[in-house]
file final.cif (mmCIF, N, CA and C atoms)
data_start
loop_
_atom_site.label_atom_id
_atom_site.label_comp_id
_atom_site.auth_asym_id
_atom_site.auth_seq_id
_atom_site.Cartn_x
_atom_site.Cartn_y
_atom_site.Cartn_z
N GLN A 1 97.48 110.01 83.72
CA GLN A 1 97.24 108.71 84.34
C GLN A 1 98.25 108.49 85.48
N VAL A 2 97.78 107.86 86.53
CA VAL A 2 98.66 107.55 87.67
C VAL A 2 99.71 106.54 87.24
N GLN A 3 100.92 106.76 87.68
CA GLN A 3 102.01 105.81 87.44
C GLN A 3 102.39 105.13 88.74
N LEU A 4 102.80 103.88 88.62
CA LEU A 4 103.17 103.07 89.78
C LEU A 4 104.64 102.70 89.68
N VAL A 5 105.37 102.85 90.79
CA VAL A 5 106.79 102.52 90.80
C VAL A 5 107.07 101.61 92.01
N GLU A 6 107.50 100.39 91.70
CA GLU A 6 107.82 99.44 92.75
C GLU A 6 109.27 99.60 93.21
N SER A 7 109.52 99.23 94.45
CA SER A 7 110.87 99.22 95.00
C SER A 7 110.93 98.21 96.13
N GLY A 8 112.14 97.89 96.55
CA GLY A 8 112.31 97.00 97.69
C GLY A 8 112.74 95.60 97.35
N GLY A 9 112.81 95.30 96.06
CA GLY A 9 113.26 93.97 95.67
C GLY A 9 114.75 93.80 95.91
N GLY A 10 115.19 92.57 95.74
CA GLY A 10 116.61 92.29 95.91
C GLY A 10 116.86 90.82 96.11
N LEU A 11 118.04 90.52 96.59
CA LEU A 11 118.46 89.15 96.84
C LEU A 11 118.35 88.86 98.33
N VAL A 12 117.68 87.77 98.66
CA VAL A 12 117.50 87.39 100.04
C VAL A 12 117.64 85.88 100.18
N GLN A 13 118.09 85.45 101.33
CA GLN A 13 118.22 84.01 101.56
C GLN A 13 116.87 83.40 101.93
N ALA A 14 116.74 82.13 101.65
CA ALA A 14 115.52 81.42 102.01
C ALA A 14 115.27 81.57 103.51
N GLY A 15 114.01 81.82 103.85
CA GLY A 15 113.65 82.05 105.24
C GLY A 15 113.66 83.51 105.63
N GLY A 16 114.20 84.34 104.76
CA GLY A 16 114.27 85.76 105.04
C GLY A 16 112.99 86.50 104.69
N SER A 17 113.05 87.81 104.80
CA SER A 17 111.88 88.65 104.57
C SER A 17 112.22 89.83 103.67
N LEU A 18 111.18 90.34 103.01
CA LEU A 18 111.31 91.55 102.20
C LEU A 18 110.05 92.37 102.35
N ARG A 19 110.22 93.68 102.20
CA ARG A 19 109.06 94.56 102.16
C ARG A 19 109.12 95.35 100.86
N LEU A 20 108.14 95.12 100.02
CA LEU A 20 108.05 95.83 98.75
C LEU A 20 107.13 97.03 98.90
N SER A 21 107.47 98.08 98.17
CA SER A 21 106.64 99.28 98.14
C SER A 21 106.25 99.60 96.72
N CYS A 22 105.10 100.20 96.58
CA CYS A 22 104.61 100.65 95.27
C CYS A 22 104.11 102.07 95.45
N ALA A 23 104.87 103.01 94.94
CA ALA A 23 104.52 104.42 95.09
C ALA A 23 103.74 104.88 93.87
N ALA A 24 102.62 105.52 94.13
CA ALA A 24 101.79 106.02 93.04
C ALA A 24 102.02 107.52 92.86
N SER A 25 101.92 107.95 91.61
CA SER A 25 102.14 109.38 91.32
C SER A 25 100.92 110.23 91.61
N GLY A 26 99.81 109.58 91.95
CA GLY A 26 98.59 110.28 92.29
C GLY A 26 97.82 109.51 93.35
N SER A 27 96.62 109.97 93.61
CA SER A 27 95.82 109.36 94.66
C SER A 27 95.45 107.92 94.32
N ILE A 28 95.58 107.04 95.33
CA ILE A 28 95.18 105.64 95.15
C ILE A 28 93.82 105.36 95.78
N ALA A 29 93.28 106.38 96.44
CA ALA A 29 92.01 106.18 97.14
C ALA A 29 90.88 105.80 96.18
N ARG A 30 91.00 106.21 94.93
CA ARG A 30 89.93 105.95 93.97
C ARG A 30 89.96 104.56 93.36
N PHE A 31 91.02 103.81 93.64
CA PHE A 31 91.11 102.48 93.06
C PHE A 31 90.30 101.48 93.88
N ASN A 32 89.48 100.71 93.21
CA ASN A 32 88.65 99.72 93.90
C ASN A 32 89.50 98.62 94.51
N ALA A 33 90.58 98.28 93.82
CA ALA A 33 91.44 97.21 94.31
C ALA A 33 92.86 97.48 93.86
N MET A 34 93.79 97.05 94.69
CA MET A 34 95.20 97.08 94.33
C MET A 34 95.79 95.72 94.67
N GLY A 35 96.79 95.35 93.91
CA GLY A 35 97.34 94.03 94.15
C GLY A 35 98.80 93.92 93.79
N TRP A 36 99.38 92.85 94.27
CA TRP A 36 100.73 92.46 93.89
C TRP A 36 100.64 91.17 93.08
N TYR A 37 101.39 91.14 92.01
CA TYR A 37 101.49 89.98 91.15
C TYR A 37 102.96 89.66 90.97
N ARG A 38 103.21 88.46 90.48
CA ARG A 38 104.61 88.10 90.20
C ARG A 38 104.66 87.22 88.97
N GLN A 39 105.81 87.27 88.32
CA GLN A 39 106.02 86.43 87.15
C GLN A 39 107.44 85.90 87.16
N ALA A 40 107.53 84.59 87.22
CA ALA A 40 108.82 83.91 87.15
C ALA A 40 109.13 83.60 85.70
N PRO A 41 110.41 83.37 85.38
CA PRO A 41 110.77 83.06 83.99
C PRO A 41 109.99 81.88 83.45
N GLU A 42 109.44 82.04 82.27
CA GLU A 42 108.70 81.00 81.57
C GLU A 42 107.43 80.57 82.29
N LYS A 43 106.95 81.41 83.17
CA LYS A 43 105.68 81.11 83.86
C LYS A 43 104.72 82.28 83.67
N GLN A 44 103.45 81.99 83.87
CA GLN A 44 102.44 83.04 83.75
C GLN A 44 102.44 83.94 84.98
N ARG A 45 102.01 85.16 84.78
CA ARG A 45 101.88 86.08 85.90
C ARG A 45 100.80 85.56 86.85
N GLU A 46 101.07 85.61 88.15
CA GLU A 46 100.12 85.13 89.14
C GLU A 46 99.94 86.16 90.25
N VAL A 47 98.78 86.11 90.86
CA VAL A 47 98.49 87.05 91.93
C VAL A 47 99.19 86.61 93.21
N VAL A 48 99.68 87.59 93.95
CA VAL A 48 100.34 87.35 95.23
C VAL A 48 99.43 87.79 96.38
N ALA A 49 98.77 88.91 96.20
CA ALA A 49 97.88 89.44 97.24
C ALA A 49 97.04 90.56 96.65
N THR A 50 95.84 90.74 97.19
CA THR A 50 94.93 91.79 96.73
C THR A 50 94.33 92.49 97.93
N ILE A 51 94.18 93.80 97.82
CA ILE A 51 93.51 94.57 98.86
C ILE A 51 92.47 95.47 98.20
N PHE A 52 91.28 95.50 98.79
CA PHE A 52 90.20 96.30 98.26
C PHE A 52 90.11 97.62 99.00
N SER A 53 89.32 98.52 98.46
CA SER A 53 89.23 99.86 99.04
C SER A 53 88.68 99.85 100.46
N ASN A 54 87.94 98.81 100.82
CA ASN A 54 87.42 98.71 102.19
C ASN A 54 88.41 98.02 103.13
N GLY A 55 89.57 97.67 102.60
CA GLY A 55 90.59 97.03 103.44
C GLY A 55 90.58 95.52 103.41
N TYR A 56 89.60 94.96 102.76
CA TYR A 56 89.52 93.49 102.68
C TYR A 56 90.68 92.97 101.85
N THR A 57 91.28 91.87 102.31
CA THR A 57 92.44 91.31 101.62
C THR A 57 92.19 89.86 101.22
N ILE A 58 92.84 89.47 100.16
CA ILE A 58 92.75 88.09 99.67
C ILE A 58 94.15 87.61 99.32
N TYR A 59 94.44 86.36 99.70
CA TYR A 59 95.73 85.75 99.39
C TYR A 59 95.51 84.38 98.78
N PRO A 60 96.30 84.02 97.78
CA PRO A 60 96.22 82.66 97.27
C PRO A 60 96.92 81.71 98.25
N THR A 61 96.71 80.45 98.06
CA THR A 61 97.28 79.45 98.95
C THR A 61 98.80 79.55 99.00
N SER A 62 99.42 79.90 97.88
CA SER A 62 100.88 79.92 97.80
C SER A 62 101.52 80.97 98.71
N THR A 63 100.78 82.02 99.05
CA THR A 63 101.37 83.09 99.87
C THR A 63 100.62 83.33 101.19
N LYS A 64 99.50 82.69 101.36
CA LYS A 64 98.71 82.90 102.58
C LYS A 64 99.51 82.51 103.81
N GLY A 65 99.54 83.40 104.79
CA GLY A 65 100.30 83.14 106.00
C GLY A 65 101.71 83.68 105.96
N ARG A 66 102.19 84.00 104.75
CA ARG A 66 103.55 84.53 104.60
C ARG A 66 103.55 85.96 104.06
N ALA A 67 102.46 86.35 103.42
CA ALA A 67 102.38 87.67 102.80
C ALA A 67 101.35 88.54 103.52
N THR A 68 101.66 89.82 103.59
CA THR A 68 100.71 90.80 104.12
C THR A 68 100.70 92.01 103.21
N ILE A 69 99.54 92.31 102.65
CA ILE A 69 99.40 93.47 101.79
C ILE A 69 98.73 94.59 102.58
N SER A 70 99.18 95.80 102.33
CA SER A 70 98.58 96.96 103.00
C SER A 70 98.67 98.17 102.08
N ARG A 71 97.83 99.14 102.36
CA ARG A 71 97.86 100.36 101.55
C ARG A 71 97.76 101.57 102.47
N ASP A 72 98.52 102.60 102.13
CA ASP A 72 98.48 103.85 102.87
C ASP A 72 97.97 104.91 101.91
N ASN A 73 96.68 105.18 101.98
CA ASN A 73 96.09 106.13 101.05
C ASN A 73 96.66 107.54 101.22
N ALA A 74 97.04 107.89 102.44
CA ALA A 74 97.59 109.22 102.68
C ALA A 74 98.93 109.41 101.98
N LYS A 75 99.69 108.31 101.89
CA LYS A 75 101.00 108.37 101.24
C LYS A 75 100.96 107.82 99.81
N ASN A 76 99.77 107.41 99.37
CA ASN A 76 99.62 106.87 98.02
C ASN A 76 100.60 105.73 97.75
N THR A 77 100.67 104.84 98.70
CA THR A 77 101.65 103.75 98.60
C THR A 77 101.01 102.43 98.98
N LEU A 78 101.38 101.41 98.24
CA LEU A 78 100.97 100.03 98.50
C LEU A 78 102.19 99.26 98.98
N PHE A 79 101.98 98.37 99.94
CA PHE A 79 103.08 97.60 100.50
C PHE A 79 102.80 96.10 100.40
N LEU A 80 103.89 95.35 100.40
CA LEU A 80 103.80 93.90 100.50
C LEU A 80 104.92 93.43 101.41
N GLN A 81 104.55 92.84 102.51
CA GLN A 81 105.52 92.22 103.42
C GLN A 81 105.50 90.71 103.15
N MET A 82 106.65 90.19 102.82
CA MET A 82 106.76 88.74 102.56
C MET A 82 107.75 88.15 103.55
N ASN A 83 107.31 87.15 104.28
CA ASN A 83 108.15 86.46 105.26
C ASN A 83 108.39 85.02 104.85
N ASN A 84 109.36 84.41 105.50
CA ASN A 84 109.68 83.01 105.22
C ASN A 84 109.78 82.75 103.71
N LEU A 85 110.57 83.56 103.06
CA LEU A 85 110.68 83.47 101.60
C LEU A 85 111.30 82.14 101.19
N LYS A 86 110.83 81.64 100.04
CA LYS A 86 111.29 80.38 99.49
C LYS A 86 111.89 80.62 98.11
N PRO A 87 112.77 79.73 97.66
CA PRO A 87 113.33 79.90 96.31
C PRO A 87 112.24 80.03 95.23
N GLU A 88 111.12 79.36 95.42
CA GLU A 88 110.05 79.44 94.43
C GLU A 88 109.32 80.79 94.43
N ASP A 89 109.67 81.66 95.38
CA ASP A 89 109.13 83.03 95.37
C ASP A 89 109.92 83.93 94.42
N THR A 90 111.01 83.43 93.88
CA THR A 90 111.82 84.21 92.95
C THR A 90 111.01 84.59 91.72
N ALA A 91 110.94 85.89 91.46
CA ALA A 91 110.14 86.39 90.34
C ALA A 91 110.28 87.91 90.26
N VAL A 92 109.75 88.46 89.20
CA VAL A 92 109.56 89.91 89.13
C VAL A 92 108.20 90.20 89.74
N TYR A 93 108.16 91.10 90.70
CA TYR A 93 106.93 91.45 91.39
C TYR A 93 106.38 92.77 90.84
N TYR A 94 105.10 92.74 90.51
CA TYR A 94 104.44 93.90 89.91
C TYR A 94 103.31 94.40 90.80
N CYS A 95 103.14 95.69 90.80
CA CYS A 95 102.04 96.34 91.49
C CYS A 95 100.94 96.63 90.46
N ASN A 96 99.70 96.49 90.87
CA ASN A 96 98.56 96.75 89.98
C ASN A 96 97.51 97.57 90.70
N ALA A 97 96.90 98.49 89.96
CA ALA A 97 95.80 99.31 90.49
C ALA A 97 94.62 99.19 89.55
N LEU A 98 93.48 98.87 90.11
CA LEU A 98 92.28 98.64 89.31
C LEU A 98 91.16 99.58 89.75
N GLY A 99 90.66 100.36 88.79
CA GLY A 99 89.57 101.27 89.06
C GLY A 99 88.49 101.15 88.01
N PRO A 100 87.48 101.98 88.09
CA PRO A 100 86.38 101.91 87.12
C PRO A 100 86.86 102.04 85.67
N THR A 101 87.89 102.87 85.47
CA THR A 101 88.40 103.06 84.11
C THR A 101 89.91 102.85 84.04
N ASP A 102 90.47 102.24 85.06
CA ASP A 102 91.93 102.09 85.12
C ASP A 102 92.33 100.65 85.35
N ASN A 103 93.40 100.27 84.72
CA ASN A 103 94.07 98.99 85.00
C ASN A 103 95.55 99.27 84.78
N ILE A 104 96.22 99.66 85.87
CA ILE A 104 97.57 100.21 85.77
C ILE A 104 98.58 99.26 86.38
N TRP A 105 99.71 99.11 85.70
CA TRP A 105 100.79 98.24 86.15
C TRP A 105 102.06 99.04 86.35
N GLY A 106 102.84 98.63 87.33
CA GLY A 106 104.17 99.17 87.51
C GLY A 106 105.15 98.42 86.63
N GLN A 107 106.41 98.82 86.71
CA GLN A 107 107.43 98.21 85.85
C GLN A 107 108.02 96.95 86.45
N GLY A 108 107.78 96.73 87.72
CA GLY A 108 108.23 95.51 88.38
C GLY A 108 109.53 95.68 89.14
N THR A 109 109.71 94.82 90.13
CA THR A 109 110.95 94.78 90.89
C THR A 109 111.34 93.32 91.10
N GLN A 110 112.60 93.02 90.90
CA GLN A 110 113.08 91.63 90.96
C GLN A 110 113.29 91.19 92.40
N VAL A 111 112.76 90.04 92.71
CA VAL A 111 113.01 89.38 94.00
C VAL A 111 113.66 88.04 93.71
N THR A 112 114.83 87.83 94.30
CA THR A 112 115.55 86.57 94.11
C THR A 112 115.81 85.96 95.48
N VAL A 113 115.37 84.73 95.65
CA VAL A 113 115.54 84.02 96.92
C VAL A 113 116.52 82.89 96.71
N SER A 114 117.62 82.92 97.42
CA SER A 114 118.63 81.89 97.29
C SER A 114 118.42 80.80 98.33
N SER A 115 118.75 79.59 97.94
CA SER A 115 118.55 78.45 98.85
C SER A 115 119.77 78.21 99.72
#
call {"tool": "encode", "arguments": {"input": "final.cif", "output": "structure tokens"}}
result
Amino acid sequence: QVQLVESGGGLVQAGGSLRLSCAASGSIARFNAMGWYRQAPEKQREVVATIFSNGYTIYPTSTKGRATISRDNAKNTLFLQMNNLKPEDTAVYYCNALGPTDNIWGQGTQVTVSS
């Protein structure tokens, strides 16, 4: 099974930017959709951005205009660019890959935004 490993998290000041990466151990071309999710302490996991195999992207209201998701099938990597970060963006960010028989999660990377 393909494994996903996130990186790029860290501590950033409010208004700053981060670029998260999700490296897959195998081909991501077969996944119908890939996404970024996040979970803050004592809160439910929520979607941050989704990208489909045709390149179509979806963002929730909370990240629309600040987040950009992209995928590089040649490098088997998913990216998330987050700009104008806010303290409420603080969470563990997870990468997800969804296919006909797959629903794979990474281990997560911590993003902390200081005010």
call {"tool": "closest_residue", "arguments": {"input": "final.cif", "among": "A:Val113, A:Ile28, A:Leu20, A:Ile104", "to": "Ala91 (chain A)", "atoms": "all atoms listed in the file"}}
result
A:Val113
call {"tool": "select_by_dssp", "arguments": {"input": "final.cif", "residues": "chain A", "states": "strand (DSSP E or B)", "output": "NGL selection string"}}
result
:A and (4-7 or 10-13 or 18-24 or 33-39 or 46-52 or 57-58 or 67-72 or 77-82 or 91-98 or 103-105 or 109-114)
call {"tool": "closest_residue", "arguments": {"input": "final.cif", "among": "A:Asp102, A:Tyr93, A:Lys75, A:Gln107", "to": "Gly9 (chain A)", "atoms": "all atoms listed in the file"}}
result
A:Tyr93
call {"tool": "atom_distance", "arguments": {"input": "final.cif", "atom1": "CA of Ala33 (chain A)", "atom2": "CA of Gly8 (chain A)"}}
result
21.1 Å
call {"tool": "atom_distance", "arguments": {"input": "final.cif", "atom1": "CA of Thr101 (chain A)", "atom2": "CA of Ala40 (chain A)"}}
result
28.2 Å
call {"tool": "atom_distance", "arguments": {"input": "final.cif", "atom1": "CA of Pro41 (chain A)", "atom2": "atom C of Glu88 (chain A)"}}
result
10.8 Å
call {"tool": "closest_residue", "arguments": {"input": "final.cif", "among": "A:Val92, A:Ile51, A:Val2, A:Ala14", "to": "Leu78 (chain A)", "atoms": "only C-alpha atoms"}}
result
A:Ile51
call {"tool": "closest_residue", "arguments": {"input": "final.cif", "among": "A:Gly26, A:Val111, A:Ser21, A:Asn96", "to": "Phe52 (chain A)", "atoms": "only C-alpha atoms"}}
result
A:Asn96
call {"tool": "residues_around", "arguments": {"input": "final.cif", "residues": "region 81-86 of chain A", "least_positions_apart": "5", "cutoff": "9 Å", "atoms": "only C-alpha atoms", "output": "PyMOL selection string"}}
result
chain A and resi 12-21+63+65-70+113-115
call {"tool": "closest_residue", "arguments": {"input": "final.cif", "among": "A:Tyr94, A:Tyr59, A:Phe79, A:Trp105", "to": "Arg38 (chain A)", "atoms": "only N, CA and C atoms"}}
result
A:Tyr94
call {"tool": "resolve_selection", "arguments": {"input": "final.cif", "expression": "the PyMOL selection byres (((chain A and resi 35 and name CA) around 6) and name CA)", "output": "count of residues only"}}
result
6
call {"tool": "closest_residue", "arguments": {"input": "final.cif", "among": "A:Thr90, A:Gln3, A:Thr57, A:Ser62", "to": "Ser27 (chain A)", "atoms": "only N, CA and C atoms"}}
result
A:Gln3
call {"tool": "build_atoms", "arguments": {"input": "final.cif", "residues": "region 37-60 of chain A", "atoms": "N, CA, C and O atoms", "output": "PDB file, in the frame of the given file"}}
result
ATOM      1  N   TYR A  37     101.390  91.140  92.010  1.00  0.00           N
ATOM      2  CA  TYR A  37     101.490  89.980  91.150  1.00  0.00           C
ATOM      3  C   TYR A  37     102.960  89.660  90.970  1.00  0.00           C
ATOM      4  O   TYR A  37     103.833  90.480  91.248  1.00  0.00           O
ATOM      5  N   ARG A  38     103.210  88.460  90.480  1.00  0.00           N
ATOM      6  CA  ARG A  38     104.610  88.100  90.200  1.00  0.00           C
ATOM      7  C   ARG A  38     104.660  87.220  88.970  1.00  0.00           C
ATOM      8  O   ARG A  38     103.689  86.531  88.626  1.00  0.00           O
ATOM      9  N   GLN A  39     105.810  87.270  88.320  1.00  0.00           N
ATOM     10  CA  GLN A  39     106.020  86.430  87.150  1.00  0.00           C
ATOM     11  C   GLN A  39     107.440  85.900  87.160  1.00  0.00           C
ATOM     12  O   GLN A  39     108.398  86.668  87.131  1.00  0.00           O
ATOM     13  N   ALA A  40     107.530  84.590  87.220  1.00  0.00           N
ATOM     14  CA  ALA A  40     108.820  83.910  87.150  1.00  0.00           C
ATOM     15  C   ALA A  40     109.130  83.600  85.700  1.00  0.00           C
ATOM     16  O   ALA A  40     108.213  83.539  84.852  1.00  0.00           O
ATOM     17  N   PRO A  41     110.410  83.370  85.380  1.00  0.00           N
ATOM     18  CA  PRO A  41     110.770  83.060  83.990  1.00  0.00           C
ATOM     19  C   PRO A  41     109.990  81.880  83.450  1.00  0.00           C
ATOM     20  O   PRO A  41     109.835  80.854  84.126  1.00  0.00           O
ATOM     21  N   GLU A  42     109.440  82.040  82.270  1.00  0.00           N
ATOM     22  CA  GLU A  42     108.700  81.000  81.570  1.00  0.00           C
ATOM     23  C   GLU A  42     107.430  80.570  82.290  1.00  0.00           C
ATOM     24  O   GLU A  42     106.903  79.479  82.032  1.00  0.00           O
ATOM     25  N   LYS A  43     106.950  81.410  83.170  1.00  0.00           N
ATOM     26  CA  LYS A  43     105.680  81.110  83.860  1.00  0.00           C
ATOM     27  C   LYS A  43     104.720  82.280  83.670  1.00  0.00           C
ATOM     28  O   LYS A  43     105.116  83.401  83.381  1.00  0.00           O
ATOM     29  N   GLN A  44     103.450  81.990  83.870  1.00  0.00           N
ATOM     30  CA  GLN A  44     102.440  83.040  83.750  1.00  0.00           C
ATOM     31  C   GLN A  44     102.440  83.940  84.980  1.00  0.00           C
ATOM     32  O   GLN A  44     102.839  83.517  86.075  1.00  0.00           O
ATOM     33  N   ARG A  45     102.010  85.160  84.780  1.00  0.00           N
ATOM     34  CA  ARG A  45     101.880  86.080  85.900  1.00  0.00           C
ATOM     35  C   ARG A  45     100.800  85.560  86.850  1.00  0.00           C
ATOM     36  O   ARG A  45      99.735  85.128  86.410  1.00  0.00           O
ATOM     37  N   GLU A  46     101.070  85.610  88.150  1.00  0.00           N
ATOM     38  CA  GLU A  46     100.120  85.130  89.140  1.00  0.00           C
ATOM     39  C   GLU A  46      99.940  86.160  90.250  1.00  0.00           C
ATOM     40  O   GLU A  46     100.844  86.945  90.544  1.00  0.00           O
ATOM     41  N   VAL A  47      98.780  86.110  90.860  1.00  0.00           N
ATOM     42  CA  VAL A  47      98.490  87.050  91.930  1.00  0.00           C
ATOM     43  C   VAL A  47      99.190  86.610  93.210  1.00  0.00           C
ATOM     44  O   VAL A  47      99.289  85.414  93.510  1.00  0.00           O
ATOM     45  N   VAL A  48      99.680  87.590  93.950  1.00  0.00           N
ATOM     46  CA  VAL A  48     100.340  87.350  95.230  1.00  0.00           C
ATOM     47  C   VAL A  48      99.430  87.790  96.380  1.00  0.00           C
ATOM     48  O   VAL A  48      99.342  87.116  97.406  1.00  0.00           O
ATOM     49  N   ALA A  49      98.770  88.910  96.200  1.00  0.00           N
ATOM     50  CA  ALA A  49      97.880  89.440  97.240  1.00  0.00           C
ATOM     51  C   ALA A  49      97.040  90.560  96.650  1.00  0.00           C
ATOM     52  O   ALA A  49      97.496  91.249  95.728  1.00  0.00           O
ATOM     53  N   THR A  50      95.840  90.740  97.190  1.00  0.00           N
ATOM     54  CA  THR A  50      94.930  91.790  96.730  1.00  0.00           C
ATOM     55  C   THR A  50      94.330  92.490  97.930  1.00  0.00           C
ATOM     56  O   THR A  50      94.013  91.844  98.934  1.00  0.00           O
ATOM     57  N   ILE A  51      94.180  93.800  97.820  1.00  0.00           N
ATOM     58  CA  ILE A  51      93.510  94.570  98.860  1.00  0.00           C
ATOM     59  C   ILE A  51      92.470  95.470  98.200  1.00  0.00           C
ATOM     60  O   ILE A  51      92.743  96.125  97.201  1.00  0.00           O
ATOM     61  N   PHE A  52      91.280  95.500  98.790  1.00  0.00           N
ATOM     62  CA  PHE A  52      90.200  96.300  98.260  1.00  0.00           C
ATOM     63  C   PHE A  52      90.110  97.620  99.000  1.00  0.00           C
ATOM     64  O   PHE A  52      90.732  97.804 100.060  1.00  0.00           O
ATOM     65  N   SER A  53      89.320  98.520  98.460  1.00  0.00           N
ATOM     66  CA  SER A  53      89.230  99.860  99.040  1.00  0.00           C
ATOM     67  C   SER A  53      88.680  99.850 100.460  1.00  0.00           C
ATOM     68  O   SER A  53      88.947 100.778 101.238  1.00  0.00           O
ATOM     69  N   ASN A  54      87.940  98.810 100.820  1.00  0.00           N
ATOM     70  CA  ASN A  54      87.420  98.710 102.190  1.00  0.00           C
ATOM     71  C   ASN A  54      88.410  98.020 103.130  1.00  0.00           C
ATOM     72  O   ASN A  54      88.098  97.791 104.299  1.00  0.00           O
ATOM     73  N   GLY A  55      89.570  97.670 102.600  1.00  0.00           N
ATOM     74  CA  GLY A  55      90.590  97.030 103.440  1.00  0.00           C
ATOM     75  C   GLY A  55      90.580  95.520 103.410  1.00  0.00           C
ATOM     76  O   GLY A  55      91.472  94.884 103.979  1.00  0.00           O
ATOM     77  N   TYR A  56      89.600  94.960 102.760  1.00  0.00           N
ATOM     78  CA  TYR A  56      89.520  93.490 102.680  1.00  0.00           C
ATOM     79  C   TYR A  56      90.680  92.970 101.850  1.00  0.00           C
ATOM     80  O   TYR A  56      91.016  93.532 100.819  1.00  0.00           O
ATOM     81  N   THR A  57      91.280  91.870 102.310  1.00  0.00           N
ATOM     82  CA  THR A  57      92.440  91.310 101.620  1.00  0.00           C
ATOM     83  C   THR A  57      92.190  89.860 101.220  1.00  0.00           C
ATOM     84  O   THR A  57      91.439  89.129 101.874  1.00  0.00           O
ATOM     85  N   ILE A  58      92.840  89.470 100.160  1.00  0.00           N
ATOM     86  CA  ILE A  58      92.750  88.090  99.670  1.00  0.00           C
ATOM     87  C   ILE A  58      94.150  87.610  99.320  1.00  0.00           C
ATOM     88  O   ILE A  58      94.934  88.354  98.723  1.00  0.00           O
ATOM     89  N   TYR A  59      94.440  86.360  99.700  1.00  0.00           N
ATOM     90  CA  TYR A  59      95.730  85.750  99.390  1.00  0.00           C
ATOM     91  C   TYR A  59      95.510  84.380  98.780  1.00  0.00           C
ATOM     92  O   TYR A  59      94.682  83.618  99.261  1.00  0.00           O
ATOM     93  N   PRO A  60      96.300  84.020  97.780  1.00  0.00           N
ATOM     94  CA  PRO A  60      96.220  82.660  97.270  1.00  0.00           C
ATOM     95  C   PRO A  60      96.920  81.710  98.250  1.00  0.00           C
ATOM     96  O   PRO A  60      97.651  82.143  99.143  1.00  0.00           O
TER      97      PRO A  60
END
